[in-house]
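Engineer: Got a structure for you, questions after.
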Amino acid sequence: MRITNVTIEDDSLYGELGRYECDAFAKNESAPKRHGFTISVITRDEIPKLVVVLHTNSLICNLTRRGKNKNTPLKGISWYKDGKLLVSLRNPETEIKEVFLAPLKFKDVGVRDGGNYTCLMEVLLRHFKSYIVSDYIVIHIAPWFENRDDKTVRAKLGDNVTLECSARGYPLKVEWRFKSERNKTVKSCIVSSTDEHYNDVTQDGRSNRNYLTITNLDKAHFGVYYCCLQAGCSDNITEDQCQRFDLVEAGTEAHLRAPMEMWWAKLSFRPSLACVIVPIRDSVVIHSVLIFSILPPK
(Lines give C-alpha, C1' and ligand atoms only; values in the text may rest on other atoms or scores of the structure.)
Protein backbone atom coordinates (compact mmCIF):
# COMPACT_ATOMS: atom_id res chain seq x y z
CA MET A 1 0.00 0.00 0.00
CA ARG A 2 1.26 3.42 -0.92
CA ILE A 3 -0.25 6.67 0.31
CA THR A 4 0.36 9.82 -1.70
CA ASN A 5 -0.33 13.42 -0.67
CA VAL A 6 -0.53 12.52 3.00
CA THR A 7 -2.95 14.62 5.07
CA ILE A 8 -4.11 14.58 8.68
CA GLU A 9 -6.99 12.36 7.56
CA ASP A 10 -4.49 9.53 7.05
CA ASP A 11 -3.46 9.69 10.70
CA SER A 12 -4.58 6.65 12.67
CA LEU A 13 -5.41 8.80 15.70
CA TYR A 14 -7.05 11.83 14.12
CA GLY A 15 -8.37 10.42 10.86
CA GLU A 16 -11.59 8.55 10.23
CA LEU A 17 -9.89 5.39 8.92
CA GLY A 18 -8.24 4.55 12.23
CA ARG A 19 -5.82 1.67 12.47
CA TYR A 20 -4.49 -0.06 9.37
CA GLU A 21 -4.21 -3.82 8.90
CA CYS A 22 -2.52 -6.04 6.35
CA ASP A 23 -4.07 -9.50 5.85
CA ALA A 24 -2.11 -12.31 4.20
CA PHE A 25 -3.72 -15.47 2.81
CA ALA A 26 -1.82 -18.65 2.10
CA LYS A 27 -2.82 -21.74 0.19
CA ASN A 28 -4.25 -24.52 2.35
CA GLU A 29 -4.52 -22.11 5.29
CA SER A 30 -8.00 -21.46 6.59
CA ALA A 31 -7.17 -18.39 8.68
CA PRO A 32 -5.33 -15.35 7.27
CA LYS A 33 -2.24 -13.88 8.87
CA ARG A 34 -2.86 -10.36 10.07
CA HIS A 35 -0.48 -7.52 10.88
CA GLY A 36 -1.75 -4.22 12.17
CA PHE A 37 0.00 -0.84 12.09
CA THR A 38 -0.72 2.80 12.59
CA ILE A 39 0.25 5.95 10.75
CA SER A 40 1.13 9.18 12.55
CA VAL A 41 0.96 12.36 10.54
CA ILE A 42 3.03 15.04 12.27
CA THR A 43 2.11 18.60 11.36
CA ARG A 44 4.58 21.50 11.25
CA ASP A 45 3.01 23.23 14.21
CA GLU A 46 3.95 20.26 16.39
CA ILE A 47 7.66 20.74 15.67
CA PRO A 48 9.61 23.08 17.99
CA LYS A 49 11.62 25.87 16.39
CA LEU A 50 15.05 27.27 17.19
CA VAL A 51 16.62 30.58 16.22
CA VAL A 52 20.29 31.51 16.64
CA VAL A 53 20.89 35.23 17.17
CA LEU A 54 24.04 37.31 17.62
CA HIS A 55 23.78 39.71 20.55
CA THR A 56 26.77 41.95 21.28
CA ASN A 57 29.63 39.42 21.65
CA SER A 58 27.44 36.39 22.32
CA LEU A 59 25.56 33.78 20.33
CA ILE A 60 22.17 32.85 21.79
CA CYS A 61 20.08 29.80 20.92
CA ASN A 62 16.41 30.66 21.42
CA LEU A 63 13.57 28.14 21.54
CA THR A 64 11.02 30.39 19.84
CA ARG A 65 8.28 27.78 19.45
CA ARG A 66 7.63 24.91 21.81
CA GLY A 67 5.27 23.12 19.41
CA LYS A 68 1.54 22.42 19.62
CA ASN A 69 2.15 19.47 21.91
CA LYS A 70 3.73 21.24 24.88
CA ASN A 71 4.87 17.97 26.41
CA THR A 72 7.03 16.92 23.45
CA PRO A 73 10.18 15.51 25.09
CA LEU A 74 13.39 17.44 24.49
CA LYS A 75 16.21 14.89 24.45
CA GLY A 76 19.18 17.20 24.10
CA ILE A 77 20.54 20.46 22.77
CA SER A 78 24.07 21.22 21.57
CA TRP A 79 26.37 23.87 20.13
CA TYR A 80 28.52 22.91 17.14
CA LYS A 81 31.19 24.87 15.29
CA ASP A 82 32.06 23.75 11.77
CA GLY A 83 30.64 20.32 12.61
CA LYS A 84 32.58 19.90 15.85
CA LEU A 85 30.75 19.62 19.17
CA LEU A 86 31.41 22.52 21.57
CA VAL A 87 28.94 21.91 24.40
CA SER A 88 25.89 19.72 24.97
CA LEU A 89 22.98 19.58 27.43
CA ARG A 90 21.11 16.27 27.74
CA ASN A 91 17.45 15.94 28.72
CA PRO A 92 16.72 19.62 29.42
CA GLU A 93 13.64 20.51 31.45
CA THR A 94 10.54 20.28 29.27
CA GLU A 95 8.76 23.20 30.92
CA ILE A 96 11.43 25.68 29.80
CA LYS A 97 10.09 27.56 26.81
CA GLU A 98 12.87 29.99 25.84
CA VAL A 99 16.64 30.07 26.36
CA PHE A 100 17.93 26.95 28.09
CA LEU A 101 21.45 26.53 26.65
CA ALA A 102 24.19 28.86 27.82
CA PRO A 103 25.16 31.41 25.15
CA LEU A 104 28.54 31.27 23.45
CA LYS A 105 30.58 34.32 24.47
CA PHE A 106 33.48 35.80 22.51
CA LYS A 107 36.41 37.67 24.03
CA ASP A 108 39.03 39.49 21.97
CA VAL A 109 37.37 38.43 18.73
CA GLY A 110 39.86 37.16 16.16
CA VAL A 111 40.11 35.04 13.05
CA ARG A 112 39.75 31.85 15.10
CA ASP A 113 36.21 32.87 16.04
CA GLY A 114 35.05 32.87 12.44
CA GLY A 115 33.02 29.86 11.31
CA ASN A 116 29.63 28.16 11.08
CA TYR A 117 27.88 27.89 14.45
CA THR A 118 24.90 25.52 14.74
CA CYS A 119 22.46 25.05 17.58
CA LEU A 120 20.98 21.54 17.32
CA MET A 121 18.11 20.11 19.36
CA GLU A 122 16.87 16.51 19.50
CA VAL A 123 13.16 16.04 20.17
CA LEU A 124 10.81 13.06 20.41
CA LEU A 125 7.68 13.93 18.44
CA ARG A 126 4.55 12.14 19.63
CA HIS A 127 6.88 10.53 22.21
CA PHE A 128 8.27 8.06 19.67
CA LYS A 129 9.61 9.84 16.56
CA SER A 130 13.18 11.17 16.87
CA TYR A 131 13.60 14.47 15.09
CA ILE A 132 16.37 17.07 14.76
CA VAL A 133 15.67 20.81 14.92
CA SER A 134 18.48 23.24 14.19
CA ASP A 135 19.47 26.73 13.20
CA TYR A 136 22.87 28.22 12.35
CA ILE A 137 24.76 31.43 11.80
CA VAL A 138 28.07 32.13 10.04
CA ILE A 139 30.47 34.52 11.75
CA HIS A 140 32.53 36.48 9.24
CA ILE A 141 35.82 38.13 10.18
CA ALA A 142 36.69 41.00 7.83
CA PRO A 143 40.05 40.35 6.11
CA TRP A 144 43.17 42.35 6.95
CA PHE A 145 46.95 42.10 6.65
CA GLU A 146 48.98 41.47 9.78
CA ASN A 147 52.05 42.83 8.01
CA ARG A 148 51.94 44.59 4.64
CA ASP A 149 55.59 45.68 4.60
CA ASP A 150 57.38 44.89 1.34
CA LYS A 151 59.61 41.84 1.54
CA THR A 152 62.68 41.01 -0.52
CA VAL A 153 63.45 37.33 -1.06
CA ARG A 154 66.76 36.26 -2.60
CA ALA A 155 67.15 32.87 -4.24
CA LYS A 156 69.31 31.08 -6.79
CA LEU A 157 68.32 29.39 -10.00
CA GLY A 158 66.90 25.94 -9.26
CA ASP A 159 65.89 26.82 -5.69
CA ASN A 160 62.45 26.30 -4.17
CA VAL A 161 60.92 29.39 -2.55
CA THR A 162 57.85 29.69 -0.29
CA LEU A 163 56.11 33.03 0.23
CA GLU A 164 53.76 33.39 3.23
CA CYS A 165 50.88 35.83 2.88
CA SER A 166 50.01 37.70 6.09
CA ALA A 167 46.33 38.16 5.15
CA ARG A 168 43.92 37.01 7.85
CA GLY A 169 40.13 36.74 8.03
CA TYR A 170 37.22 34.32 7.72
CA PRO A 171 36.32 33.16 5.23
CA LEU A 172 39.59 34.13 3.54
CA LYS A 173 40.39 33.86 -0.15
CA VAL A 174 43.43 35.46 -1.73
CA GLU A 175 44.87 35.74 -5.22
CA TRP A 176 48.55 35.60 -6.12
CA ARG A 177 49.71 37.93 -8.89
CA PHE A 178 53.09 38.22 -10.60
CA LYS A 179 54.80 41.18 -12.26
CA SER A 180 57.58 39.96 -14.52
CA GLU A 181 61.07 41.40 -14.13
CA ARG A 182 61.55 41.12 -17.88
CA ASN A 183 58.55 42.74 -19.51
CA LYS A 184 56.74 44.28 -16.49
CA THR A 185 53.47 42.54 -17.40
CA VAL A 186 51.12 41.43 -14.61
CA LYS A 187 49.68 37.90 -14.43
CA SER A 188 46.74 37.37 -12.09
CA CYS A 189 45.60 34.24 -10.26
CA ILE A 190 48.83 32.31 -10.83
CA VAL A 191 48.23 28.69 -9.81
CA SER A 192 49.61 25.26 -10.61
CA SER A 193 47.15 24.90 -13.48
CA THR A 194 48.94 27.65 -15.43
CA ASP A 195 52.52 26.86 -14.39
CA GLU A 196 53.64 23.60 -12.82
CA HIS A 197 56.28 25.54 -10.86
CA TYR A 198 53.57 27.25 -8.77
CA ASN A 199 51.84 25.58 -5.86
CA ASP A 200 49.18 27.69 -4.15
CA VAL A 201 48.30 26.23 -0.76
CA THR A 202 45.60 27.58 1.55
CA GLN A 203 45.67 26.16 5.05
CA ASP A 204 42.04 26.33 6.11
CA GLY A 205 40.84 26.07 9.68
CA ARG A 206 41.88 28.17 12.58
CA SER A 207 45.16 29.52 11.19
CA ASN A 208 43.80 30.24 7.69
CA ARG A 209 47.27 30.96 6.29
CA ASN A 210 48.09 31.07 2.61
CA TYR A 211 51.38 30.14 0.96
CA LEU A 212 52.78 30.23 -2.56
CA THR A 213 55.61 27.83 -3.33
CA ILE A 214 57.70 28.26 -6.47
CA THR A 215 59.77 25.21 -7.34
CA ASN A 216 62.89 24.88 -9.47
CA LEU A 217 63.32 28.62 -10.09
CA ASP A 218 64.34 29.84 -13.51
CA LYS A 219 64.94 33.35 -14.90
CA ALA A 220 61.27 33.85 -15.77
CA HIS A 221 60.21 33.55 -12.11
CA PHE A 222 62.15 36.57 -10.84
CA GLY A 223 60.06 39.68 -10.34
CA VAL A 224 57.40 41.00 -7.97
CA TYR A 225 54.74 38.78 -6.42
CA TYR A 226 51.58 40.11 -4.80
CA CYS A 227 49.23 38.39 -2.37
CA CYS A 228 45.92 40.23 -2.80
CA LEU A 229 42.46 39.94 -1.33
CA GLN A 230 40.17 38.23 -3.82
CA ALA A 231 39.05 40.58 -6.60
CA GLY A 232 38.01 38.39 -9.50
CA CYS A 233 41.52 37.78 -10.88
CA SER A 234 42.07 41.45 -11.69
CA ASP A 235 45.41 42.64 -13.10
CA ASN A 236 45.25 45.85 -11.07
CA ILE A 237 47.51 46.16 -8.04
CA THR A 238 45.88 48.08 -5.18
CA GLU A 239 48.46 48.77 -2.49
CA ASP A 240 46.09 48.58 0.50
CA GLN A 241 44.64 45.28 -0.78
CA CYS A 242 47.92 43.49 -1.48
CA GLN A 243 51.19 42.43 0.12
CA ARG A 244 54.34 42.69 -2.02
CA PHE A 245 57.25 40.24 -2.35
CA ASP A 246 60.30 41.07 -4.47
CA LEU A 247 61.94 37.85 -5.66
CA VAL A 248 65.47 38.63 -6.84
CA GLU A 249 68.29 36.41 -8.01
CA ALA A 250 70.92 36.00 -5.31
CA GLY A 251 74.33 37.39 -6.23
CA THR A 252 73.12 39.90 -8.81
CA GLU A 253 73.78 42.81 -6.45
CA ALA A 254 77.43 41.70 -6.04
CA HIS A 255 77.86 41.50 -9.81
CA LEU A 256 76.60 45.07 -10.14
CA ARG A 257 78.85 46.38 -7.37
CA ALA A 258 82.05 44.68 -8.52
CA PRO A 259 82.67 46.73 -11.71
CA MET A 260 82.01 49.97 -9.80
CA GLU A 261 84.39 48.99 -6.99
CA MET A 262 87.08 48.08 -9.49
CA TRP A 263 86.67 51.42 -11.29
CA TRP A 264 87.01 53.38 -8.03
CA ALA A 265 90.08 51.35 -7.10
CA LYS A 266 91.85 52.48 -10.25
CA LEU A 267 91.28 56.18 -9.66
CA SER A 268 94.14 58.33 -8.39
CA PHE A 269 93.88 61.55 -6.41
CA ARG A 270 96.12 64.67 -6.60
CA PRO A 271 95.92 66.83 -3.46
CA SER A 272 96.37 70.63 -3.52
CA LEU A 273 96.04 73.35 -0.91
CA ALA A 274 94.01 76.51 -1.37
CA CYS A 275 93.17 79.49 0.81
CA VAL A 276 89.71 80.95 1.12
CA ILE A 277 89.35 84.51 2.51
CA VAL A 278 86.01 85.11 4.19
CA PRO A 279 85.23 88.72 5.34
CA ILE A 280 83.26 88.90 8.60
CA ARG A 281 82.27 92.51 9.44
CA ASP A 282 85.55 94.40 10.21
CA SER A 283 87.81 91.34 10.26
CA VAL A 284 88.96 88.73 7.83
CA VAL A 285 89.07 84.96 8.39
CA ILE A 286 91.39 82.86 6.30
CA HIS A 287 90.42 79.18 5.82
CA SER A 288 92.73 76.64 4.31
CA VAL A 289 91.05 74.01 2.13
CA LEU A 290 92.56 70.75 0.95
CA ILE A 291 91.38 69.94 -2.54
CA PHE A 292 91.63 66.52 -4.21
CA SER A 293 91.65 66.33 -7.97
CA ILE A 294 90.35 63.02 -9.35
CA LEU A 295 92.35 61.68 -12.21
CA PRO A 296 90.82 59.08 -14.56
CA PRO A 297 92.30 55.57 -14.55
CA LYS A 298 95.17 54.96 -16.93
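Residues are named by chain letter and number: chains run A, B, ... in the order of the C-alpha coordinates, numbers start at 1 in each chain, and ligands are numbered from 1 in the order shown.
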Within 8 Å of Asp45 (chain A), counting only C-alpha atoms, which residues qualify if same-chain residues fewer than 2 places away don't, as a ChimeraX atom specification?

Structural biologist: /A:43,47-48,67-68

Engineer: At a cut-off of 8 Å, using only C-alpha atoms, what residues contact Leu163 (chain A)? Leave out same-chain residues fewer than 3 positions from it and give the result as a ChimeraX atom specification.

Structural biologist: /A:211-213,245

Engineer: What does the structure give for the distance between CA of Lys84 (chain A) and CA of Asn116 (chain A), in Å to one decimal?

Structural biologist: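 Distance between the two atoms: 10.0 Å.
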
Engineer: Find the residue from A:Thr118, A:Asn91, A:Asn28, A:Ser78 that sits nearest to Val52 (chain A); use only C-alpha atoms when measuring.

Structural biologist: A:Thr118

Engineer: Which is closest to Glu181 (chain A) among A:Asp11, A:Glu249, A:Glu239, A:Glu29, if we use only C-alpha atoms?

Structural biologist: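 Of all the options, A:Glu249 lies closest to Glu181 (chain A).
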
Engineer: Give me, as number ranges by chain, the residues of region 2-246 of chain A that a backbone DSSP run labels strand (DSSP E or B).

Structural biologist: A: 20-24, 33-37, 49-55, 58-65, 74-81, 84-90, 104-105, 115-125, 129-139, 141-145, 151-155, 161-165, 167-170, 174-180, 186-187, 198-203, 209-214, 223-229, 242-246

Engineer: Residues of region 59-265 of chain A in helix (DSSP H, G or I) according to DSSP, as a list in words?

Structural biologist: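 Output for region 59-265 of chain A, helix (DSSP H, G or I) only: Val111, Arg112, Asp113, Lys219, Ala220, His221, Glu239, Asp240, Gln241, Thr252, Glu253, Ala254, His255, Leu256, Arg257, Ala258, Pro259, Met260, Glu261, Met262, Trp263, Trp264 and Ala265 of chain A.
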
Engineer: Using only C-alpha atoms, determine which residues lie at most 12 Å from Thr238 (chain A), disregarding the query and same-chain residues fewer than 4 positions distant; provide the list as a list in words.

Structural biologist: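 Neighbouring residues, sequence-local ones excluded: Arg177, Tyr226, Cys227, Cys228, Leu229, Gln230, Ala231, Ser234, Cys242, Gln243 and Arg244 of chain A.
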
Engineer: CA of Gly83 (chain A) to CA of His127 (chain A): how many Å, to one decimal?

Structural biologist: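 These atoms are spaced 27.4 Å apart.
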
Engineer: As an exercise, work out the distance from CA of Tyr170 (chain A) to CA of Asp82 (chain A) in Å and give it to one decimal place.

Structural biologist: 12.4 Å

Engineer: Would you mind telling me which residue in A:Cys189, A:Ile141, A:Ile237, A:Ile214 lies nearest to Val111 (chain A) when using only C-alpha atoms?

Structural biologist: A:Ile141

Engineer: Nearest residue to Thr64 (chain A) out of A:Asn216, A:Asp135, A:Asp23, A:Glu196, using only C-alpha atoms?

Structural biologist: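 Under the stated criterion, the closest residue is A:Asp135.
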